[in-house]
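File shown here: run-v2.cif, holding mmCIF, C-alpha atoms.
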data_run
#
loop_
_atom_site.group_PDB
_atom_site.id
_atom_site.type_symbol
_atom_site.label_atom_id
_atom_site.label_comp_id
_atom_site.auth_asym_id
_atom_site.auth_seq_id
_atom_site.Cartn_x
_atom_site.Cartn_y
_atom_site.Cartn_z
ATOM 1 C CA MET A 1 2.069 9.986 -38.418
ATOM 2 C CA LYS A 2 2.043 8.022 -35.175
ATOM 3 C CA PRO A 3 -1.006 8.319 -32.936
ATOM 4 C CA ALA A 4 -0.361 10.322 -29.779
ATOM 5 C CA ARG A 5 0.636 8.143 -26.857
ATOM 6 C CA ARG A 6 -1.783 8.509 -24.001
ATOM 7 C CA SER A 7 -0.321 9.474 -20.648
ATOM 8 C CA PRO A 8 -1.378 7.286 -17.752
ATOM 9 C CA THR A 9 -4.058 8.642 -15.468
ATOM 10 C CA PRO A 10 -2.480 10.274 -12.417
ATOM 11 C CA ILE A 11 -2.647 8.213 -9.247
ATOM 12 C CA ARG A 12 -4.553 9.959 -6.441
ATOM 13 C CA ALA A 13 -4.767 7.235 -3.789
ATOM 14 C CA LEU A 14 -2.433 4.499 -2.564
ATOM 15 C CA PHE A 15 -3.685 1.330 -0.874
ATOM 16 C CA PHE A 16 -1.236 -0.646 1.261
ATOM 17 C CA ASP A 17 -1.407 -4.056 2.832
ATOM 18 C CA VAL A 18 0.497 -3.994 6.141
ATOM 19 C CA ASP A 19 2.027 -7.334 7.176
ATOM 20 C CA GLY A 20 4.514 -8.406 4.531
ATOM 21 C CA VAL A 21 4.520 -4.981 2.851
ATOM 22 C CA LEU A 22 5.108 -2.340 5.522
ATOM 23 C CA THR A 23 6.733 -5.058 7.651
ATOM 24 C CA ASP A 24 8.691 -8.146 6.692
ATOM 25 C CA GLY A 25 5.708 -10.253 7.725
ATOM 26 C CA ARG A 26 7.157 -11.573 10.967
ATOM 27 C CA LEU A 27 5.313 -11.050 14.248
ATOM 28 C CA PHE A 28 7.123 -10.905 17.566
ATOM 29 C CA ILE A 29 4.874 -11.896 20.478
ATOM 30 C CA ASP A 30 6.222 -11.965 24.016
ATOM 31 C CA ASP A 31 5.091 -14.249 26.829
ATOM 32 C CA ARG A 32 2.461 -11.685 27.856
ATOM 33 C CA GLY A 33 0.971 -11.651 24.374
ATOM 34 C CA ARG A 34 2.346 -8.223 23.462
ATOM 35 C CA GLU A 35 3.008 -7.901 19.774
ATOM 36 C CA MET A 36 5.941 -6.122 18.183
ATOM 37 C CA LYS A 37 6.545 -5.376 14.525
ATOM 38 C CA VAL A 38 9.479 -3.845 12.713
ATOM 39 C CA PHE A 39 8.797 -0.945 10.347
ATOM 40 C CA ASP A 40 11.523 0.463 8.081
ATOM 41 C CA THR A 41 12.197 4.200 8.525
ATOM 42 C CA LYS A 42 12.931 4.635 4.814
ATOM 43 C CA ASP A 43 9.535 3.142 4.016
ATOM 44 C CA GLY A 44 8.054 5.511 6.590
ATOM 45 C CA HIS A 45 9.628 8.440 4.794
ATOM 46 C CA GLY A 46 8.112 7.116 1.563
ATOM 47 C CA ILE A 47 4.674 7.285 3.198
ATOM 48 C CA LYS A 48 5.387 10.882 4.243
ATOM 49 C CA MET A 49 6.499 11.669 0.666
ATOM 50 C CA ALA A 50 3.190 10.333 -0.676
ATOM 51 C CA ILE A 51 1.169 12.387 1.810
ATOM 52 C CA ALA A 52 3.235 15.514 1.054
ATOM 53 C CA ALA A 53 2.541 14.979 -2.663
ATOM 54 C CA GLY A 54 -1.196 15.128 -1.909
ATOM 55 C CA LEU A 55 -1.906 11.424 -2.333
ATOM 56 C CA THR A 56 -4.477 9.743 -0.132
ATOM 57 C CA VAL A 57 -2.798 6.928 1.784
ATOM 58 C CA VAL A 58 -4.840 3.950 2.970
ATOM 59 C CA TRP A 59 -3.608 1.027 5.029
ATOM 60 C CA ILE A 60 -5.743 -2.119 4.957
ATOM 61 C CA SER A 61 -4.844 -5.041 7.184
ATOM 62 C CA GLY A 62 -6.533 -8.349 7.796
ATOM 63 C CA ARG A 63 -5.189 -8.314 11.357
ATOM 64 C CA GLU A 64 -5.640 -5.833 14.173
ATOM 65 C CA SER A 65 -2.527 -4.526 15.874
ATOM 66 C CA LEU A 66 -1.780 -1.655 18.207
ATOM 67 C CA ALA A 67 1.667 -1.416 16.598
ATOM 68 C CA THR A 68 0.047 -0.815 13.206
ATOM 69 C CA SER A 69 -2.292 1.847 14.621
ATOM 70 C CA ARG A 70 0.577 3.613 16.341
ATOM 71 C CA ARG A 71 2.829 3.580 13.267
ATOM 72 C CA ALA A 72 0.024 4.885 11.061
ATOM 73 C CA ARG A 73 -0.667 7.712 13.518
ATOM 74 C CA ASP A 74 3.061 8.566 13.766
ATOM 75 C CA LEU A 75 3.300 8.877 9.974
ATOM 76 C CA GLY A 76 0.081 10.874 9.549
ATOM 77 C CA VAL A 77 -1.869 8.090 7.848
ATOM 78 C CA GLU A 78 -5.511 9.039 8.395
ATOM 79 C CA HIS A 79 -7.044 5.938 6.835
ATOM 80 C CA CYS A 80 -5.893 2.833 8.705
ATOM 81 C CA HIS A 81 -8.391 -0.021 8.477
ATOM 82 C CA GLN A 82 -7.776 -3.229 10.395
ATOM 83 C CA ARG A 83 -9.530 -6.591 10.709
ATOM 84 C CA ILE A 84 -10.664 -6.328 7.104
ATOM 85 C CA ALA A 85 -11.494 -9.723 5.623
ATOM 86 C CA ASP A 86 -12.484 -8.385 2.189
ATOM 87 C CA LYS A 87 -9.967 -5.729 1.175
ATOM 88 C CA GLU A 88 -11.410 -5.276 -2.295
ATOM 89 C CA LYS A 89 -14.866 -4.514 -0.869
ATOM 90 C CA LEU A 90 -13.438 -1.752 1.349
ATOM 91 C CA TYR A 91 -11.348 -0.485 -1.578
ATOM 92 C CA ARG A 92 -14.446 -0.162 -3.775
ATOM 93 C CA GLN A 93 -16.411 1.548 -0.984
ATOM 94 C CA LEU A 94 -13.637 4.109 -0.523
ATOM 95 C CA CYS A 95 -13.331 4.688 -4.271
ATOM 96 C CA ARG A 96 -17.065 5.428 -4.426
ATOM 97 C CA ARG A 97 -16.931 7.680 -1.343
ATOM 98 C CA TRP A 98 -14.020 9.676 -2.730
ATOM 99 C CA SER A 99 -15.190 9.617 -6.385
ATOM 100 C CA LEU A 100 -12.066 7.767 -7.497
ATOM 101 C CA ASP A 101 -11.872 5.784 -10.685
ATOM 102 C CA PRO A 102 -9.784 2.610 -10.224
ATOM 103 C CA SER A 103 -7.346 4.033 -12.801
ATOM 104 C CA GLU A 104 -6.557 6.744 -10.228
ATOM 105 C CA THR A 105 -5.478 4.192 -7.613
ATOM 106 C CA ALA A 106 -2.440 2.069 -6.882
ATOM 107 C CA ALA A 107 -2.162 -0.881 -4.515
ATOM 108 C CA ILE A 108 0.599 -2.969 -3.029
ATOM 109 C CA GLY A 109 0.162 -6.386 -1.431
ATOM 110 C CA ASP A 110 2.185 -9.518 -0.836
ATOM 111 C CA ASP A 111 -0.071 -12.548 -0.555
ATOM 112 C CA GLU A 112 -3.231 -14.309 -1.672
ATOM 113 C CA PRO A 113 -5.714 -12.167 0.340
ATOM 114 C CA ASP A 114 -4.377 -9.102 -1.527
ATOM 115 C CA VAL A 115 -4.933 -10.467 -5.041
ATOM 116 C CA PRO A 116 -8.445 -8.981 -5.583
ATOM 117 C CA LEU A 117 -7.153 -5.565 -4.469
ATOM 118 C CA LEU A 118 -4.119 -5.818 -6.755
ATOM 119 C CA GLU A 119 -6.363 -6.744 -9.676
ATOM 120 C CA ALA A 120 -8.874 -3.945 -8.961
ATOM 121 C CA ALA A 121 -6.407 -1.052 -8.733
ATOM 122 C CA GLY A 122 -5.276 0.801 -11.832
ATOM 123 C CA PHE A 123 -1.636 0.190 -10.944
ATOM 124 C CA SER A 124 -0.370 -2.525 -8.627
ATOM 125 C CA ALA A 125 2.890 -3.835 -7.250
ATOM 126 C CA CYS A 126 4.213 -6.432 -4.849
ATOM 127 C CA PRO A 127 7.433 -6.783 -2.873
ATOM 128 C CA ALA A 128 10.222 -8.950 -4.285
ATOM 129 C CA ASP A 129 9.466 -11.648 -1.711
ATOM 130 C CA ALA A 130 5.705 -11.758 -2.337
ATOM 131 C CA ALA A 131 3.866 -15.060 -2.597
ATOM 132 C CA PRO A 132 3.304 -16.407 -6.135
ATOM 133 C CA PRO A 133 -0.399 -15.414 -6.359
ATOM 134 C CA ALA A 134 0.451 -11.768 -5.565
ATOM 135 C CA ARG A 135 3.385 -11.807 -7.980
ATOM 136 C CA ALA A 136 1.068 -13.061 -10.731
ATOM 137 C CA ALA A 137 -1.593 -10.418 -9.997
ATOM 138 C CA ALA A 138 0.670 -7.372 -9.643
ATOM 139 C CA LYS A 139 1.614 -5.277 -12.641
ATOM 140 C CA VAL A 140 5.093 -4.745 -11.160
ATOM 141 C CA VAL A 141 7.270 -6.918 -8.935
ATOM 142 C CA LEU A 142 9.476 -4.538 -6.963
ATOM 143 C CA GLU A 143 13.187 -5.085 -6.340
ATOM 144 C CA HIS A 144 12.932 -4.682 -2.560
ATOM 145 C CA PRO A 145 11.318 -7.118 -0.119
ATOM 146 C CA GLY A 146 8.472 -6.297 2.233
ATOM 147 C CA GLY A 147 9.492 -4.256 5.260
ATOM 148 C CA ARG A 148 12.859 -3.541 3.663
ATOM 149 C CA GLY A 149 12.302 -0.803 1.097
ATOM 150 C CA ALA A 150 9.376 -2.071 -0.993
ATOM 151 C CA VAL A 151 7.080 0.720 0.218
ATOM 152 C CA ARG A 152 9.617 3.437 -0.569
ATOM 153 C CA GLU A 153 10.217 1.935 -4.025
ATOM 154 C CA PHE A 154 6.463 1.720 -4.641
ATOM 155 C CA VAL A 155 5.875 5.354 -3.629
ATOM 156 C CA GLU A 156 8.801 6.578 -5.719
ATOM 157 C CA THR A 157 7.498 4.588 -8.700
ATOM 158 C CA VAL A 158 4.045 6.154 -8.372
ATOM 159 C CA LEU A 159 5.445 9.672 -7.908
ATOM 160 C CA ALA A 160 7.664 9.250 -10.998
ATOM 161 C CA ARG A 161 4.700 7.910 -12.965
ATOM 162 C CA ASN A 162 2.599 10.908 -11.935
ATOM 163 C CA GLN A 163 5.464 13.301 -12.810
ATOM 164 C CA ARG A 164 5.747 11.854 -16.326
ATOM 165 C CA ARG A 165 2.181 12.944 -16.925
ATOM 166 C CA THR A 166 3.031 16.622 -16.662
#
Here is a file; write its structure as structure tokens.
Amino acid sequence: MKPARRSPTPIRALFFDVDGVLTDGRLFIDDRGREMKVFDTKDGHGIKMAIAAGLTVVWISGRESLATSRRARDLGVEHCHQRIADKEKLYRQLCRRWSLDPSETAAIGDDEPDVPLLEAAGFSACPADAAPPARAAAKVVLEHPGGRGAVREFVETVLARNQRRT
């Protein structure tokens, strides 16, 4: 008789890097210093799907941007943290505050500053165009690039994973 296969722990919280994940990583800055970013509407719907499914959604960015704040607010993301040098430290603080085990979390990032977060989360992914350190740290390399469907793919992967548990 085969031992029963253990179902993965359901994911309760998603942690997102912003630049290079929710965007393609490019920054548009005009001659007055105003910044513009491009966010994919399909990725935005993925964020709404995660929130509707009862998942806690957290954005963590090393930069500060009004465009990021506005997009988070438009999508209903209540936890948008910017100018965060140590993403893993904030991640662990939030896990403690919300009584989350790392196995109940998933993270997506695209570059070297995201590696500790990717390694700490129970499930992790990176966009197809992620830098080599993020690709090595993530459990899954997604098919879509950052800012062009990676977020939607990540959310759908997590929702499917959670559904398989039931």
Inset, instruction - Kindly give the distance, in Å, that separates atom CA of Arg96 of chain A and atom CA of Arg63 of chain A, rounded to a single decimal. - result: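 Spanning atom CA of Arg96 of chain A to atom CA of Arg63 of chain A is a straight-line distance of 24.1 Å.
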Legend entry - Picked residues, the PyMOL selection byres ((chain A and resi 82-88) around 10), expected as a ChimeraX atom specification: /A:15,17-18,59-66,68-69,79-81,89-94,113-121
Residues from last step as file, C-alpha atoms, as a PDB file, keeping the file's coordinate frame:
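again_24.pdb was written with the following content:
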ATOM      1  CA  PHE A  15      -3.685   1.330  -0.874  1.00  0.00           C
ATOM      2  CA  ASP A  17      -1.407  -4.056   2.832  1.00  0.00           C
ATOM      3  CA  VAL A  18       0.497  -3.994   6.141  1.00  0.00           C
ATOM      4  CA  TRP A  59      -3.608   1.027   5.029  1.00  0.00           C
ATOM      5  CA  ILE A  60      -5.743  -2.119   4.957  1.00  0.00           C
ATOM      6  CA  SER A  61      -4.844  -5.041   7.184  1.00  0.00           C
ATOM      7  CA  GLY A  62      -6.533  -8.349   7.796  1.00  0.00           C
ATOM      8  CA  ARG A  63      -5.189  -8.314  11.357  1.00  0.00           C
ATOM      9  CA  GLU A  64      -5.640  -5.833  14.173  1.00  0.00           C
ATOM     10  CA  SER A  65      -2.527  -4.526  15.874  1.00  0.00           C
ATOM     11  CA  LEU A  66      -1.780  -1.655  18.207  1.00  0.00           C
ATOM     12  CA  THR A  68       0.047  -0.815  13.206  1.00  0.00           C
ATOM     13  CA  SER A  69      -2.292   1.847  14.621  1.00  0.00           C
ATOM     14  CA  HIS A  79      -7.044   5.938   6.835  1.00  0.00           C
ATOM     15  CA  CYS A  80      -5.893   2.833   8.705  1.00  0.00           C
ATOM     16  CA  HIS A  81      -8.391  -0.021   8.477  1.00  0.00           C
ATOM     17  CA  LYS A  89     -14.866  -4.514  -0.869  1.00  0.00           C
ATOM     18  CA  LEU A  90     -13.438  -1.752   1.349  1.00  0.00           C
ATOM     19  CA  TYR A  91     -11.348  -0.485  -1.578  1.00  0.00           C
ATOM     20  CA  ARG A  92     -14.446  -0.162  -3.775  1.00  0.00           C
ATOM     21  CA  GLN A  93     -16.411   1.548  -0.984  1.00  0.00           C
ATOM     22  CA  LEU A  94     -13.637   4.109  -0.523  1.00  0.00           C
ATOM     23  CA  PRO A 113      -5.714 -12.167   0.340  1.00  0.00           C
ATOM     24  CA  ASP A 114      -4.377  -9.102  -1.527  1.00  0.00           C
ATOM     25  CA  VAL A 115      -4.933 -10.467  -5.041  1.00  0.00           C
ATOM     26  CA  PRO A 116      -8.445  -8.981  -5.583  1.00  0.00           C
ATOM     27  CA  LEU A 117      -7.153  -5.565  -4.469  1.00  0.00           C
ATOM     28  CA  LEU A 118      -4.119  -5.818  -6.755  1.00  0.00           C
ATOM     29  CA  GLU A 119      -6.363  -6.744  -9.676  1.00  0.00           C
ATOM     30  CA  ALA A 120      -8.874  -3.945  -8.961  1.00  0.00           C
ATOM     31  CA  ALA A 121      -6.407  -1.052  -8.733  1.00  0.00           C
TER      32      ALA A 121
END
Inset, instruction - Translate the PyMOL selection byres ((chain A and resi 19-27) around 9), as applied to the file shown, into an explicit residue set as an NGL selection string. - result: :A and (16-18 or 28-29 or 35-40 or 43-44 or 61-63 or 108-111 or 126-127 or 129-130 or 145-151)
Inset, instruction - Check which residues satisfy the PyMOL selection byres ((chain A and resi 153) around 9) in the file shown, then give them as a PyMOL selection string. - result: chain A and resi 43+46+142-144+149-152+154-158
Inset, instruction - Find the residue from A:Ala134, A:Asp31, A:Ala128, A:Phe123 that sits nearest to Thr9 of chain A; use only C-alpha atoms when measuring. - result: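 Distance minimum relative to Thr9 of chain A lands on A:Phe123.
Going from atom CA of Arg73 of chain A over to atom CA of Gly54 of chain A, you cover 17.1 Å.
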Legend entry - Distance of atom CA of Pro10 of chain A from atom CA of Ser103 of chain A, expressed in Å to one decimal place: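 Between these atoms lies a distance of 7.9 Å.
Minimum atom-to-atom distances from A:Asp101, A:Leu14, A:Lys48, A:Arg71 to Ala125 of chain A were compared using only C-alpha atoms, and the lowest value belongs to A:Leu14.
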Inset, instruction - Could you check which of A:Lys42, A:Asp30, A:Asn162, A:Val58 is closest to Cys95 of chain A, using only C-alpha atoms? - result: A:Val58
As AutoDock Vina command-line options: centre and edge lengths in Å, one decimal, of the axis-aligned box holding segment 40-44 of chain A with 6 Å per side:
--center_x 10.5 --center_y 3.0 --center_z 6.3 --size_x 16.9 --size_y 17.0 --size_z 16.5
Inset, instruction - Write out as number ranges by chain which residues come within 10 Å of Ala53 of chain A when counting all atoms listed in the file, dropping same-chain ones fewer than 5 positions away. - result: A: 12, 47-48, 159
Please, can segment 46-57 of chain A be completed to all heavy atoms and returned as a CSV table (one decimal), keeping the file's coordinate frame?
chain,number,residue,atom,x,y,z
A,46,GLY,N,8.9,7.2,2.8
A,46,GLY,CA,8.1,7.1,1.6
A,46,GLY,C,6.6,7.4,1.8
A,46,GLY,O,6.0,8.1,0.9
A,47,ILE,N,6.1,7.0,2.9
A,47,ILE,CA,4.7,7.3,3.2
A,47,ILE,C,4.5,8.8,3.4
A,47,ILE,O,3.6,9.4,2.8
A,47,ILE,CB,4.2,6.5,4.5
A,47,ILE,CG1,4.2,5.0,4.3
A,47,ILE,CG2,2.9,7.1,5.0
A,47,ILE,CD1,3.2,4.5,3.4
A,48,LYS,N,5.5,9.4,4.1
A,48,LYS,CA,5.4,10.9,4.2
A,48,LYS,C,5.5,11.6,2.9
A,48,LYS,O,4.9,12.6,2.7
A,48,LYS,CB,6.5,11.3,5.2
A,48,LYS,CG,6.2,11.0,6.6
A,48,LYS,CD,7.3,11.5,7.6
A,48,LYS,CE,6.9,11.2,9.0
A,48,LYS,NZ,7.9,11.8,9.9
A,49,MET,N,6.4,11.1,2.0
A,49,MET,CA,6.5,11.7,0.7
A,49,MET,C,5.2,11.6,-0.1
A,49,MET,O,4.8,12.6,-0.8
A,49,MET,CB,7.6,10.9,-0.1
A,49,MET,CG,9.0,11.1,0.4
A,49,MET,SD,10.2,9.9,-0.4
A,49,MET,CE,10.0,10.2,-2.1
A,50,ALA,N,4.5,10.5,0.0
A,50,ALA,CA,3.2,10.3,-0.7
A,50,ALA,C,2.2,11.3,-0.1
A,50,ALA,O,1.4,12.0,-0.9
A,50,ALA,CB,2.7,8.9,-0.5
A,51,ILE,N,2.1,11.4,1.2
A,51,ILE,CA,1.2,12.4,1.8
A,51,ILE,C,1.5,13.8,1.4
A,51,ILE,O,0.6,14.6,1.0
A,51,ILE,CB,1.2,12.2,3.3
A,51,ILE,CG1,0.6,10.8,3.7
A,51,ILE,CG2,0.4,13.3,4.0
A,51,ILE,CD1,0.7,10.4,5.2
A,52,ALA,N,2.8,14.2,1.4
A,52,ALA,CA,3.2,15.5,1.1
A,52,ALA,C,2.9,15.8,-0.4
A,52,ALA,O,2.7,17.0,-0.8
A,52,ALA,CB,4.7,15.7,1.3
A,53,ALA,N,2.9,14.8,-1.2
A,53,ALA,CA,2.5,15.0,-2.7
A,53,ALA,C,1.0,15.1,-2.9
A,53,ALA,O,0.6,15.2,-4.0
A,53,ALA,CB,3.1,13.8,-3.5
A,54,GLY,N,0.3,15.0,-1.8
A,54,GLY,CA,-1.2,15.1,-1.9
A,54,GLY,C,-1.9,13.8,-2.2
A,54,GLY,O,-3.1,13.9,-2.5
A,55,LEU,N,-1.2,12.7,-2.1
A,55,LEU,CA,-1.9,11.4,-2.3
A,55,LEU,C,-2.6,11.0,-1.1
A,55,LEU,O,-2.1,11.2,0.0
A,55,LEU,CB,-0.9,10.4,-2.7
A,55,LEU,CG,-0.1,10.7,-4.0
A,55,LEU,CD1,1.0,9.6,-4.2
A,55,LEU,CD2,-1.0,10.8,-5.2
A,56,THR,N,-3.8,10.4,-1.2
A,56,THR,CA,-4.5,9.7,-0.1
A,56,THR,C,-3.8,8.4,0.1
A,56,THR,O,-3.6,7.6,-0.8
A,56,THR,CB,-6.0,9.6,-0.5
A,56,THR,OG1,-6.5,10.8,-0.8
A,56,THR,CG2,-6.7,8.9,0.7
A,57,VAL,N,-3.5,8.2,1.4
A,57,VAL,CA,-2.8,6.9,1.8
A,57,VAL,C,-3.7,6.1,2.7
A,57,VAL,O,-4.3,6.6,3.6
A,57,VAL,CB,-1.5,7.2,2.5
A,57,VAL,CG1,-0.9,6.0,3.1
A,57,VAL,CG2,-0.5,7.9,1.6
